[in-house]
$ cat work.csv   # CSV, C-alpha atoms
chain,number,residue,atom,x,y,z
L,1,MET,CA,0.0,0.0,0.0
L,2,SER,CA,2.9,2.3,0.6
L,3,ALA,CA,3.4,2.7,-3.2
L,4,GLU,CA,0.1,4.6,-3.3
L,5,ARG,CA,1.4,7.2,-0.9
L,6,PRO,CA,3.4,10.3,-2.0
L,7,ALA,CA,7.1,10.3,-1.2
L,8,SER,CA,6.6,12.5,1.7
L,9,THR,CA,6.0,10.9,5.1
L,10,GLN,CA,3.6,13.7,5.9
L,11,PRO,CA,1.3,13.9,2.9
L,12,VAL,CA,-1.5,15.9,4.7
L,13,ALA,CA,0.8,18.5,6.0
L,14,ALA,CA,2.3,19.0,2.6
L,15,GLU,CA,-1.0,20.1,1.0
L,16,PRO,CA,-1.6,23.8,0.9
L,17,ALA,CA,-4.1,24.9,3.5
L,18,VAL,CA,-7.2,26.6,2.1
L,19,ASP,CA,-7.6,30.1,3.5
L,20,PRO,CA,-11.3,30.5,4.1
L,21,VAL,CA,-11.2,34.3,3.8
L,22,ARG,CA,-9.5,34.1,0.4
L,23,ALA,CA,-11.9,31.3,-0.7
L,24,SER,CA,-14.9,33.5,0.3
L,25,ARG,CA,-13.4,36.5,-1.4
L,26,ARG,CA,-13.0,34.5,-4.6
L,27,GLN,CA,-16.7,33.5,-4.4
L,28,MET,CA,-17.6,37.1,-3.9
L,29,VAL,CA,-15.6,38.3,-6.9
L,30,GLY,CA,-17.5,35.8,-9.0
L,31,ASP,CA,-20.8,37.1,-7.7
L,32,GLY,CA,-19.6,40.6,-8.1
L,33,MET,CA,-18.8,40.0,-11.8
L,34,ALA,CA,-22.4,39.0,-12.3
L,35,ILE,CA,-23.5,42.2,-10.6
L,36,ALA,CA,-21.2,44.2,-12.8
L,37,ALA,CA,-22.5,42.5,-15.9
L,38,TYR,CA,-26.0,43.9,-15.3
L,39,ALA,CA,-25.1,47.1,-13.5
L,40,LEU,CA,-23.3,48.3,-16.6
L,41,PRO,CA,-26.3,48.2,-19.0
L,42,VAL,CA,-28.7,49.6,-16.4
L,43,GLY,CA,-26.2,52.4,-15.9
L,44,LEU,CA,-26.5,53.0,-19.6
L,45,VAL,CA,-30.3,53.4,-19.2
L,46,PHE,CA,-29.6,56.0,-16.4
L,47,GLY,CA,-27.3,57.9,-18.6
L,48,LEU,CA,-30.0,58.0,-21.2
L,49,THR,CA,-32.6,59.2,-18.7
L,50,ALA,CA,-30.3,61.9,-17.4
L,51,LEU,CA,-29.8,63.2,-20.9
L,52,GLN,CA,-33.6,63.5,-21.3
L,53,ALA,CA,-33.6,65.5,-18.1
L,54,HIS,CA,-31.0,67.9,-19.7
L,55,TYR,CA,-28.2,66.9,-17.3
L,56,SER,CA,-24.7,67.7,-18.3
L,57,LEU,CA,-22.0,65.1,-18.3
L,58,VAL,CA,-20.6,66.6,-15.1
L,59,ASP,CA,-24.1,66.3,-13.6
L,60,VAL,CA,-24.3,62.7,-14.5
L,61,MET,CA,-20.9,61.9,-13.0
L,62,ALA,CA,-21.8,63.9,-9.8
L,63,ASN,CA,-25.0,62.0,-9.4
L,64,SER,CA,-23.4,58.6,-9.9
L,65,ALA,CA,-20.5,59.3,-7.6
L,66,ILE,CA,-21.9,61.6,-4.9
L,67,ALA,CA,-25.5,60.4,-4.6
L,68,PHE,CA,-24.6,56.8,-5.8
L,69,ALA,CA,-28.2,55.6,-5.4
L,70,GLY,CA,-29.5,54.1,-8.6
L,71,GLY,CA,-33.2,54.0,-8.1
L,72,ALA,CA,-33.1,57.4,-6.5
L,73,GLN,CA,-31.0,58.8,-9.3
L,74,PHE,CA,-33.6,57.6,-11.8
L,75,ALA,CA,-36.3,59.1,-9.7
L,76,ALA,CA,-34.6,62.5,-9.4
L,77,ALA,CA,-33.9,62.6,-13.2
L,78,GLY,CA,-37.6,61.9,-13.9
L,79,LEU,CA,-38.6,64.6,-11.5
L,80,VAL,CA,-36.1,67.2,-12.8
L,81,LYS,CA,-37.6,66.5,-16.2
L,82,THR,CA,-41.1,67.5,-15.0
L,83,HIS,CA,-39.7,70.6,-13.2
L,84,ALA,CA,-40.5,69.2,-9.7
L,85,SER,CA,-39.3,71.2,-6.7
L,86,TRP,CA,-36.0,70.0,-5.2
L,87,LEU,CA,-37.8,69.6,-1.9
L,88,ALA,CA,-40.1,67.1,-3.5
L,89,ILE,CA,-37.1,65.4,-5.0
L,90,ALA,CA,-35.4,65.2,-1.7
L,91,ALA,CA,-38.5,63.7,-0.1
L,92,ILE,CA,-38.7,61.0,-2.7
L,93,VAL,CA,-35.0,60.2,-2.6
L,94,ALA,CA,-35.2,59.9,1.2
L,95,LEU,CA,-38.2,57.5,0.9
L,96,VAL,CA,-36.6,55.4,-1.9
L,97,ASN,CA,-33.4,55.0,0.2
L,98,ALA,CA,-35.0,54.5,3.6
L,99,ARG,CA,-34.4,50.8,3.3
L,100,HIS,CA,-30.7,51.4,3.7
L,101,LEU,CA,-31.3,51.9,7.4
L,102,LEU,CA,-31.9,48.2,7.6
L,103,TYR,CA,-28.8,47.3,5.7
L,104,SER,CA,-26.6,49.4,7.8
L,105,ALA,CA,-28.1,48.0,11.0
L,106,ALA,CA,-27.5,44.4,9.7
L,107,LEU,CA,-23.8,45.1,9.0
L,108,LEU,CA,-23.2,46.6,12.5
L,109,PRO,CA,-22.5,43.3,14.2
L,110,TYR,CA,-19.6,42.8,11.9
L,111,ALA,CA,-18.4,46.3,11.4
L,112,GLY,CA,-19.1,47.7,14.8
L,113,GLU,CA,-15.5,47.4,16.1
L,114,ARG,CA,-14.0,49.2,13.1
L,115,PRO,CA,-12.9,52.8,13.6
L,116,ARG,CA,-15.7,55.4,13.3
L,117,ARG,CA,-14.0,57.1,10.3
L,118,GLU,CA,-13.8,53.8,8.4
L,119,ARG,CA,-17.5,53.0,9.1
L,120,ALA,CA,-18.4,56.5,7.9
L,121,LEU,CA,-16.6,55.9,4.6
L,122,MET,CA,-18.1,52.5,4.2
L,123,ALA,CA,-21.6,53.9,4.6
L,124,HIS,CA,-21.3,56.0,1.4
L,125,PHE,CA,-20.9,52.8,-0.6
L,126,LEU,CA,-23.7,50.8,1.1
L,127,THR,CA,-26.0,49.9,-1.7
L,128,ASP,CA,-28.3,46.9,-2.3
L,129,GLU,CA,-25.5,45.0,-4.0
L,130,THR,CA,-22.7,46.0,-1.6
L,131,PHE,CA,-24.9,44.8,1.2
L,132,ALA,CA,-25.8,41.5,-0.4
L,133,LEU,CA,-22.2,40.7,-1.4
L,134,ALA,CA,-20.6,41.9,1.9
L,135,LEU,CA,-23.1,40.3,4.2
L,136,GLY,CA,-22.7,37.0,2.4
L,137,HIS,CA,-19.0,37.2,2.7
L,138,PHE,CA,-19.0,38.2,6.4
L,139,ARG,CA,-21.3,35.3,7.2
L,140,ARG,CA,-19.2,32.8,5.4
L,141,ILE,CA,-16.1,33.8,7.3
L,142,ASP,CA,-18.0,34.8,10.4
L,143,ALA,CA,-15.9,38.0,10.7
L,144,PHE,CA,-15.4,41.5,9.2
L,145,ASP,CA,-13.1,41.7,6.2
L,146,ARG,CA,-12.1,45.2,5.1
L,147,ARG,CA,-10.7,44.2,1.8
L,148,GLY,CA,-13.8,42.1,1.1
L,149,TYR,CA,-16.1,45.0,1.8
L,150,TRP,CA,-14.3,47.2,-0.7
L,151,ILE,CA,-14.4,44.4,-3.3
L,152,ALA,CA,-18.1,44.3,-2.9
L,153,ALA,CA,-18.5,48.1,-3.1
L,154,MET,CA,-16.4,48.4,-6.2
L,155,ALA,CA,-18.3,45.6,-7.9
L,156,ILE,CA,-21.2,48.0,-8.3
L,157,PHE,CA,-19.5,51.4,-8.0
L,158,VAL,CA,-17.2,51.0,-11.0
L,159,PRO,CA,-19.7,49.6,-13.6
L,160,TRP,CA,-22.3,52.1,-12.5
L,161,GLN,CA,-20.0,55.0,-13.2
L,162,VAL,CA,-18.9,53.6,-16.5
L,163,GLY,CA,-22.4,52.7,-17.6
L,164,SER,CA,-23.8,56.1,-16.7
L,165,ILE,CA,-21.2,58.0,-18.6
L,166,ALA,CA,-21.4,55.7,-21.6
L,167,GLY,CA,-25.2,55.9,-21.7
L,168,TYR,CA,-25.2,59.6,-21.6
L,169,LEU,CA,-22.6,59.9,-24.4
L,170,VAL,CA,-24.3,57.3,-26.6
L,171,ALA,CA,-27.8,58.7,-26.1
L,172,GLY,CA,-26.8,62.1,-27.2
L,173,ALA,CA,-26.3,60.9,-30.7
L,174,VAL,CA,-29.8,59.5,-31.2
L,175,ASP,CA,-33.4,60.7,-31.5
L,176,VAL,CA,-34.7,59.7,-28.1
L,177,ASP,CA,-38.5,60.2,-28.8
L,178,ARG,CA,-38.5,58.5,-32.2
L,179,LEU,CA,-36.8,55.5,-30.8
L,180,GLY,CA,-39.2,55.2,-27.9
L,181,LEU,CA,-36.4,55.8,-25.4
L,182,ASP,CA,-38.5,58.2,-23.4
L,183,VAL,CA,-40.5,55.2,-22.0
L,184,ALA,CA,-37.3,53.8,-20.5
L,185,PHE,CA,-37.7,55.8,-17.3
L,186,PRO,CA,-41.2,54.8,-16.3
L,187,ALA,CA,-40.5,51.2,-17.4
L,188,ALA,CA,-37.3,51.2,-15.3
L,189,MET,CA,-39.2,52.6,-12.3
L,190,ALA,CA,-42.0,50.0,-12.6
L,191,GLY,CA,-39.4,47.2,-13.0
L,192,LEU,CA,-37.4,48.4,-10.0
L,193,SER,CA,-40.5,48.6,-7.9
L,194,LEU,CA,-41.3,45.0,-8.7
L,195,GLY,CA,-37.7,44.1,-7.9
L,196,LEU,CA,-38.3,45.3,-4.3
L,197,VAL,CA,-41.5,43.3,-4.0
L,198,SER,CA,-41.1,40.2,-1.8
L,199,GLY,CA,-44.6,39.7,-0.4
L,200,ARG,CA,-48.2,40.8,-0.5
L,201,ARG,CA,-47.5,43.7,1.8
L,202,ASP,CA,-45.0,45.1,-0.8
L,203,VAL,CA,-47.7,44.5,-3.5
L,204,ALA,CA,-50.3,46.4,-1.5
L,205,ALA,CA,-47.9,49.2,-0.8
L,206,ALA,CA,-47.0,49.5,-4.5
L,207,LEU,CA,-50.6,49.4,-5.8
L,208,GLY,CA,-51.7,51.7,-3.0
L,209,ALA,CA,-49.0,54.2,-4.0
L,210,VAL,CA,-50.1,54.0,-7.7
L,211,ALA,CA,-53.7,54.7,-6.8
L,212,VAL,CA,-52.9,57.6,-4.5
L,213,ALA,CA,-50.3,59.1,-6.9
L,214,VAL,CA,-52.7,59.1,-9.9
L,215,THR,CA,-55.7,60.3,-7.9
L,216,VAL,CA,-53.9,63.1,-6.1
L,217,GLY,CA,-51.9,63.9,-9.3
L,218,LEU,CA,-55.0,64.5,-11.3
L,219,PHE,CA,-56.1,67.2,-9.0
L,220,GLY,CA,-52.9,68.5,-7.5
L,221,GLY,CA,-50.3,67.9,-10.1
L,222,ALA,CA,-47.8,65.1,-10.7
L,223,SER,CA,-45.3,66.1,-8.1
L,224,LEU,CA,-47.8,66.3,-5.3
L,225,GLY,CA,-49.3,63.0,-6.4
L,226,LEU,CA,-45.9,61.4,-6.4
L,227,VAL,CA,-45.1,62.5,-2.8
L,228,ALA,CA,-48.5,61.5,-1.6
L,229,GLY,CA,-48.3,58.1,-3.2
L,230,ALA,CA,-44.8,57.5,-1.9
L,231,ALA,CA,-45.7,58.5,1.7
L,232,LEU,CA,-49.1,56.9,1.9
L,233,GLY,CA,-48.5,53.8,-0.2
L,234,PRO,CA,-46.7,52.0,2.7
L,235,LEU,CA,-49.8,52.4,4.8
L,236,PHE,CA,-51.7,50.2,2.4
L,237,GLY,CA,-49.0,47.6,3.0
L,238,LEU,CA,-49.2,47.9,6.7
L,239,ALA,CA,-53.0,47.3,6.6
L,240,VAL,CA,-52.4,43.9,4.9
L,241,PRO,CA,-51.6,40.9,7.2
L,242,PRO,CA,-48.0,39.7,6.4
L,243,SER,CA,-47.5,36.5,4.5
L,244,ALA,CA,-45.6,33.7,6.2
L,245,ALA,CA,-42.4,34.7,4.3
L,246,GLU,CA,-42.8,38.3,5.4
L,247,GLU,CA,-43.3,37.3,9.0
L,248,SER,CA,-40.1,35.2,9.1
L,249,SER,CA,-37.9,37.7,7.1
L,250,ALA,CA,-35.2,39.4,9.0
L,251,PRO,CA,-34.0,42.9,8.2
L,252,GLU,CA,-30.7,41.6,7.0
L,253,THR,CA,-32.3,39.5,4.3
L,254,PRO,CA,-31.0,41.0,1.0
L,255,GLU,CA,-33.8,42.4,-1.1
L,256,PRO,CA,-34.5,41.2,-4.6
L,257,SER,CA,-33.5,44.6,-5.9
L,258,ALA,CA,-30.0,43.4,-5.8
L,259,GLU,CA,-30.8,41.5,-8.9
L,260,ALA,CA,-32.1,44.5,-10.8
L,261,GLY,CA,-28.7,46.0,-11.3
L,262,LEU,CA,-28.9,49.3,-9.4
L,263,PRO,CA,-26.9,50.7,-6.5
K,1,MET,CA,-20.6,72.7,-19.2
K,2,SER,CA,-23.5,73.1,-16.8
K,3,VAL,CA,-23.2,71.9,-13.2
K,4,ALA,CA,-26.8,72.9,-12.3
K,5,ILE,CA,-27.6,69.4,-11.0
K,6,VAL,CA,-24.5,69.0,-8.9
K,7,PRO,CA,-26.1,70.8,-5.9
K,8,LEU,CA,-29.1,68.4,-6.3
K,9,ALA,CA,-26.7,65.5,-6.2
K,10,LEU,CA,-25.3,66.8,-2.9
K,11,MET,CA,-28.8,67.2,-1.6
K,12,MET,CA,-29.6,63.6,-2.6
K,13,TRP,CA,-26.5,62.5,-0.8
K,14,ALA,CA,-27.5,64.5,2.3
K,15,VAL,CA,-30.9,62.7,2.5
K,16,THR,CA,-29.4,59.3,1.5
K,17,TYR,CA,-26.2,59.1,3.6
K,18,PRO,CA,-28.0,59.2,7.0
K,19,SER,CA,-29.9,56.1,6.1
K,20,ARG,CA,-26.7,54.3,5.3
K,21,ALA,CA,-24.6,55.6,8.1
K,22,LEU,CA,-26.7,56.2,11.2
K,23,PRO,CA,-27.2,52.6,12.3
K,24,MET,CA,-23.5,52.0,11.8
K,25,LEU,CA,-22.4,55.2,13.5
K,26,ALA,CA,-25.1,55.5,16.1
K,27,PRO,CA,-26.7,52.1,16.8
K,28,GLY,CA,-30.3,52.1,17.8
K,29,ILE,CA,-32.4,51.3,14.7
K,30,GLU,CA,-33.2,48.0,16.2
K,31,ARG,CA,-35.1,49.9,18.9
K,32,LEU,CA,-37.6,51.3,16.4
K,33,PRO,CA,-41.1,49.8,16.7
K,34,THR,CA,-41.9,47.0,14.2
K,35,TRP,CA,-44.4,49.0,12.3
K,36,ALA,CA,-41.8,51.8,11.7
K,37,ILE,CA,-39.3,49.3,10.3
K,38,THR,CA,-42.0,47.8,8.1
K,39,TYR,CA,-43.0,51.2,6.9
K,40,LEU,CA,-39.3,51.9,5.9
K,41,ARG,CA,-39.1,48.6,4.1
K,42,LEU,CA,-42.4,49.3,2.2
K,43,ALA,CA,-41.4,52.9,1.3
K,44,GLY,CA,-39.0,51.7,-1.5
K,45,PRO,CA,-41.5,49.8,-3.7
K,46,ALA,CA,-44.2,52.4,-3.0
K,47,ALA,CA,-42.1,55.4,-4.0
K,48,LEU,CA,-40.8,53.7,-7.2
K,49,ALA,CA,-44.4,52.5,-8.2
K,50,ALA,CA,-45.7,56.0,-7.6
K,51,LEU,CA,-42.9,57.4,-9.9
K,52,ALA,CA,-43.8,54.9,-12.6
K,53,ALA,CA,-47.5,55.8,-12.3
K,54,VAL,CA,-47.2,59.5,-12.6
K,55,ASN,CA,-44.8,59.2,-15.5
K,56,CYS,CA,-46.8,56.8,-17.6
K,57,LEU,CA,-50.4,57.4,-16.5
K,58,LEU,CA,-50.5,61.2,-16.3
K,59,THR,CA,-50.0,63.7,-19.1
K,60,ALA,CA,-47.5,66.5,-18.7
K,61,GLY,CA,-50.1,69.2,-18.7
K,62,SER,CA,-51.3,71.3,-15.8
K,63,PRO,CA,-53.5,70.0,-14.4
K,64,PRO,CA,-52.6,66.6,-15.7
K,65,SER,CA,-55.1,64.2,-17.2
K,66,LEU,CA,-55.0,60.4,-17.7
K,67,LEU,CA,-52.7,59.4,-20.5
K,68,VAL,CA,-54.1,57.0,-23.1
K,69,GLY,CA,-51.5,55.6,-25.4
K,70,ILE,CA,-49.0,52.9,-26.0
K,71,GLU,CA,-46.7,54.0,-23.1
K,72,PRO,CA,-48.8,52.4,-20.3
K,73,VAL,CA,-49.1,49.2,-22.3
K,74,ALA,CA,-45.3,49.2,-22.8
K,75,VAL,CA,-44.7,49.7,-19.1
K,76,ALA,CA,-47.1,46.9,-18.2
K,77,GLY,CA,-45.2,44.7,-20.6
K,78,CYS,CA,-42.0,45.6,-18.9
K,79,VAL,CA,-43.5,44.7,-15.5
K,80,LEU,CA,-44.5,41.3,-16.8
K,81,ILE,CA,-41.0,40.6,-18.2
K,82,VAL,CA,-39.3,41.7,-15.0
K,83,ALA,CA,-41.7,39.5,-13.0
K,84,ARG,CA,-40.7,36.5,-15.1
K,85,THR,CA,-37.0,37.1,-15.5
K,86,ARG,CA,-36.2,39.1,-12.4
K,87,LEU,CA,-34.0,41.2,-14.7
K,88,LEU,CA,-34.6,44.9,-15.4
K,89,LEU,CA,-32.9,45.3,-18.7
K,90,PRO,CA,-34.9,42.9,-20.9
K,91,GLY,CA,-38.1,44.6,-19.6
K,92,VAL,CA,-36.9,48.1,-20.4
K,93,VAL,CA,-35.6,47.1,-23.8
K,94,ALA,CA,-39.0,45.5,-24.7
K,95,ALA,CA,-40.9,48.6,-23.6
K,96,VAL,CA,-38.7,50.8,-25.7
K,97,VAL,CA,-39.1,48.5,-28.7
K,98,VAL,CA,-42.9,48.4,-28.4
K,99,VAL,CA,-43.1,52.2,-28.2
K,100,ALA,CA,-40.6,52.7,-31.1
K,101,VAL,CA,-42.5,50.3,-33.3
K,102,ALA,CA,-45.8,51.8,-32.5
K,103,ARG,CA,-44.5,55.3,-33.3
K,104,ALA,CA,-42.9,54.1,-36.5
K,105,PHE,CA,-46.4,52.9,-37.6
K,106,GLY,CA,-48.1,56.1,-36.4
K,107,ALA,CA,-49.9,54.3,-33.6
K,108,ALA,CA,-48.6,56.6,-30.8

$ encode --input "work.csv" --output "structure tokens"
Amino acid sequence: MSAERPASTQPVAAEPAVDPVRASRRQMVGDGMAIAAYALPVGLVFGLTALQAHYSLVDVMANSAIAFAGGAQFAAAGLVKTHASWLAIAAIVALVNARHLLYSAALLPYAGERPRRERALMAHFLTDETFALALGHFRRIDAFDRRGYWIAAMAIFVPWQVGSIAGYLVAGAVDVDRLGLDVAFPAAMAGLSLGLVSGRRDVAAALGAVAVAVTVGLFGGASLGLVAGAALGPLFGLAVPPSAAEESSAPETPEPSAEAGLP
Amino acid sequence: MSVAIVPLALMMWAVTYPSRALPMLAPGIERLPTWAITYLRLAGPAALAALAAVNCLLTAGSPPSLLVGIEPVAVAGCVLIVARTRLLLPGVVAAVVVVAVARAFGAA
């Protein structure tokens, strides 16, 4: 039987040990590439939407780098296009991004021991995708990993910037209305809303928001309808008993929006 | 080159960053009542659905009226595709194609 053994008398010790952190990072890089693959084209759609709202290229870059909040960026561009007040835009952006409170709270057990300055910087990059990738990584290794967090953040940040700029530059060379590209914004909003739906409460909130937004909008204008729909829609969801899945879901459960390709 | 929207980007950051940072910098979100946490979770889909609705169901006039045309149909088609594939891009592309074809044939 000895012939089947390697020459070494300590075959087990000779095998390279698998570093669980590196293995988990490799898995995260693979997942991150999938995210980048769909964030890039959705970024293109944002660039197009921004062009329709008469943004400059600097405006697009500032939005994607400073605000770095895909759904909210789409929302703001659509509102700018309809000459909504910036106060209304701020209210909508705050509502759209309110879910990030839950993401941040879910990462706290892992990142809580990091220096405050580092946590403050991390927070800027905390999107749906960053959260989904980072939390999965931290859970696999049962610890915080600074390099892992930044890999997760850059997996969405870089393609989002590139896609936004490319979309803006490409869209400037075509007839947006004739090609039907003006419908991209409401279509993207509807699709993104669906991406956030994970139970009947979400469905009730979305449908309630539509009903309120259209009704109020017919009498008070689109901007007022929008704010009313966004603020009152969740009340429809709260009025519906939660499904079994919703009752058992924890705040740290990544939302399906991470599949939609937006920060 | 205009930078008119840059201040808006800063304002968007100012209302987004607290959501991302407060729980990590000042823990306590877990002490919110359950209904408040649920409201926050539901606010995302509600706000985006309201945005889609006012942009495809209302005209741009003042006061607005209900929009009748190919656009709401195209957006509904997008929703169906996203529901089936869980991917945004194919739905948006399909909506754009529907509207472009309709306009090419003078139907919108």

$ closest_residue --input "work.csv" --among "K:Thr59, K:Val96, K:Leu67, K:Thr34" --to "chain L" --atoms "all atoms listed in the file"
K:Val96

$ closest_residue --input "work.csv" --among "L:His124, L:Val162, L:Gly191, L:Leu169" --to "Trp150 in chain L" --atoms "all atoms listed in the file"
L:His124

$ residues_around --input "work.csv" --residues "Leu51 in chain K" --least-positions-apart "2" --cutoff "8 Å" --atoms "all atoms listed in the file" --output "PyMOL selection string"
(chain L and resi 75+186+189-190+226) or (chain K and resi 47-49+53-55)

$ closest_residue --input "work.csv" --among "K:Gly77, K:Gly106, K:Gly61, K:Pro45" --to "Val92 in chain K" --atoms "only C-alpha atoms"
K:Gly77

$ atom_distance --input "work.csv" --atom1 "CA of Phe138 in chain L" --atom2 "CA of Ala111 in chain L"
9.5 Å

$ atom_distance --input "work.csv" --atom1 "CA of Ala72 in chain L" --atom2 "CA of Ala36 in chain L"
18.9 Å

$ atom_distance --input "work.csv" --atom1 "CA of Ala94 in chain K" --atom2 "CA of Asp177 in chain L"
15.3 Å

$ closest_residue --input "work.csv" --among "L:Gly112, L:Pro20, L:Gly148, L:Gly32" --to "chain K" --atoms "all atoms listed in the file"
L:Gly112

$ build_atoms --input "work.csv" --residues "range 113-120 of chain L" --atoms "all heavy atoms" --output "tab-separated table (two decimals), keeping the file's coordinate frame"
chain	number	residue	atom	x	y	z
L	113	GLU	N	-16.81	47.14	15.38
L	113	GLU	CA	-15.50	47.40	16.10
L	113	GLU	C	-14.56	48.17	15.22
L	113	GLU	O	-13.47	48.51	15.67
L	113	GLU	CB	-14.89	46.00	16.40
L	113	GLU	CG	-15.73	45.13	17.33
L	113	GLU	CD	-16.02	45.81	18.65
L	113	GLU	OE1	-15.10	46.41	19.22
L	113	GLU	OE2	-17.19	45.76	19.10
L	114	ARG	N	-14.93	48.45	13.98
L	114	ARG	CA	-14.00	49.20	13.10
L	114	ARG	C	-14.02	50.69	13.55
L	114	ARG	O	-14.98	51.17	14.15
L	114	ARG	CB	-14.46	49.14	11.64
L	114	ARG	CG	-14.57	47.73	11.11
L	114	ARG	CD	-13.29	46.95	11.25
L	114	ARG	NE	-12.17	47.57	10.54
L	114	ARG	CZ	-10.91	47.15	10.62
L	114	ARG	NH1	-10.61	46.12	11.39
L	114	ARG	NH2	-9.96	47.76	9.94
L	115	PRO	N	-12.94	51.42	13.22
L	115	PRO	CA	-12.90	52.80	13.60
L	115	PRO	C	-14.08	53.61	12.98
L	115	PRO	O	-14.52	53.29	11.87
L	115	PRO	CB	-11.57	53.31	12.97
L	115	PRO	CG	-10.76	52.09	12.81
L	115	PRO	CD	-11.72	50.97	12.57
L	116	ARG	N	-14.53	54.60	13.70
L	116	ARG	CA	-15.70	55.40	13.30
L	116	ARG	C	-15.51	55.97	11.88
L	116	ARG	O	-16.41	55.98	11.05
L	116	ARG	CB	-15.98	56.47	14.29
L	116	ARG	CG	-17.14	57.37	13.95
L	116	ARG	CD	-17.38	58.33	15.08
L	116	ARG	NE	-18.02	57.69	16.20
L	116	ARG	CZ	-19.34	57.74	16.44
L	116	ARG	NH1	-20.12	58.40	15.63
L	116	ARG	NH2	-19.87	57.13	17.46
L	117	ARG	N	-14.29	56.46	11.61
L	117	ARG	CA	-14.00	57.10	10.30
L	117	ARG	C	-14.17	56.07	9.18
L	117	ARG	O	-14.70	56.37	8.12
L	117	ARG	CB	-12.60	57.67	10.32
L	117	ARG	CG	-12.28	58.52	9.09
L	117	ARG	CD	-10.90	59.11	9.19
L	117	ARG	NE	-10.75	60.01	10.31
L	117	ARG	CZ	-9.62	60.63	10.64
L	117	ARG	NH1	-8.54	60.42	9.93
L	117	ARG	NH2	-9.56	61.43	11.67
L	118	GLU	N	-13.71	54.86	9.43
L	118	GLU	CA	-13.80	53.80	8.40
L	118	GLU	C	-15.29	53.46	8.17
L	118	GLU	O	-15.72	53.29	7.03
L	118	GLU	CB	-13.03	52.58	8.85
L	118	GLU	CG	-13.04	51.47	7.81
L	118	GLU	CD	-12.26	50.25	8.27
L	118	GLU	OE1	-11.50	50.36	9.26
L	118	GLU	OE2	-12.43	49.19	7.66
L	119	ARG	N	-16.05	53.35	9.24
L	119	ARG	CA	-17.50	53.00	9.10
L	119	ARG	C	-18.20	54.16	8.34
L	119	ARG	O	-19.08	53.91	7.52
L	119	ARG	CB	-18.13	52.84	10.46
L	119	ARG	CG	-17.87	51.46	11.05
L	119	ARG	CD	-18.52	51.33	12.40
L	119	ARG	NE	-17.69	51.92	13.44
L	119	ARG	CZ	-18.15	52.46	14.56
L	119	ARG	NH1	-19.45	52.49	14.81
L	119	ARG	NH2	-17.34	52.98	15.45
L	120	ALA	N	-17.79	55.40	8.60
L	120	ALA	CA	-18.40	56.50	7.90
L	120	ALA	C	-18.16	56.47	6.41
L	120	ALA	O	-19.05	56.76	5.61
L	120	ALA	CB	-17.89	57.84	8.49
